Amino acid sequence: MQTGNIKEEAQTLLKDLPENCTWDDLMYKIYVRQVIEAGLDDSYAGRTIDVKEVRSKFGLSK
């Protein structure tokens with residue numbers, strides 16, 4: 001679910017970080033953004049599993 005220009009999106013992420021941020025802070029923001037977009041792509045493509053099925057598979061209760 002890529003939206004817009006990657007450079008522009010990265011600049012927006014940078015602007016939102018505090019002045020005293022670290023490289024780890026930036027990498028975390030990029031990672032979270034990437035994982036969310038991948039999850040949305042999977043959801044839109046129907047590559048999901050119902051929570052009831054997951055709970056059953058792992059023997060978890062409600």
# chains A, B, ... in the order shown; residues from 1 in each chain; ligands from 1
>>> select_by_dssp(residues="chain A", states="helix (DSSP H, G or I)", output="PyMOL selection string")
chain A and resi 6-16+23-44+51-57
>>> residues_around(residues="Met27 (chain A)", least_positions_apart="4", cutoff="12 Å", atoms="only C-alpha atoms", output="PyMOL selection string")
chain A and resi 10+13-14+17+21-23+31-34
>>> atom_distance(atom1="CA of Phe58 (chain A)", atom2="CA of Tyr44 (chain A)")
24.8 Å
>>> closest_residue(among="A:Gln11, A:Ser61, A:Leu40, A:Ile49", to="Leu26 (chain A)", atoms="only C-alpha atoms")
A:Gln11
>>> closest_residue(among="A:Gly46, A:Glu9, A:Leu60, A:Gly4", to="Lys29 (chain A)", atoms="only C-alpha atoms")
A:Glu9
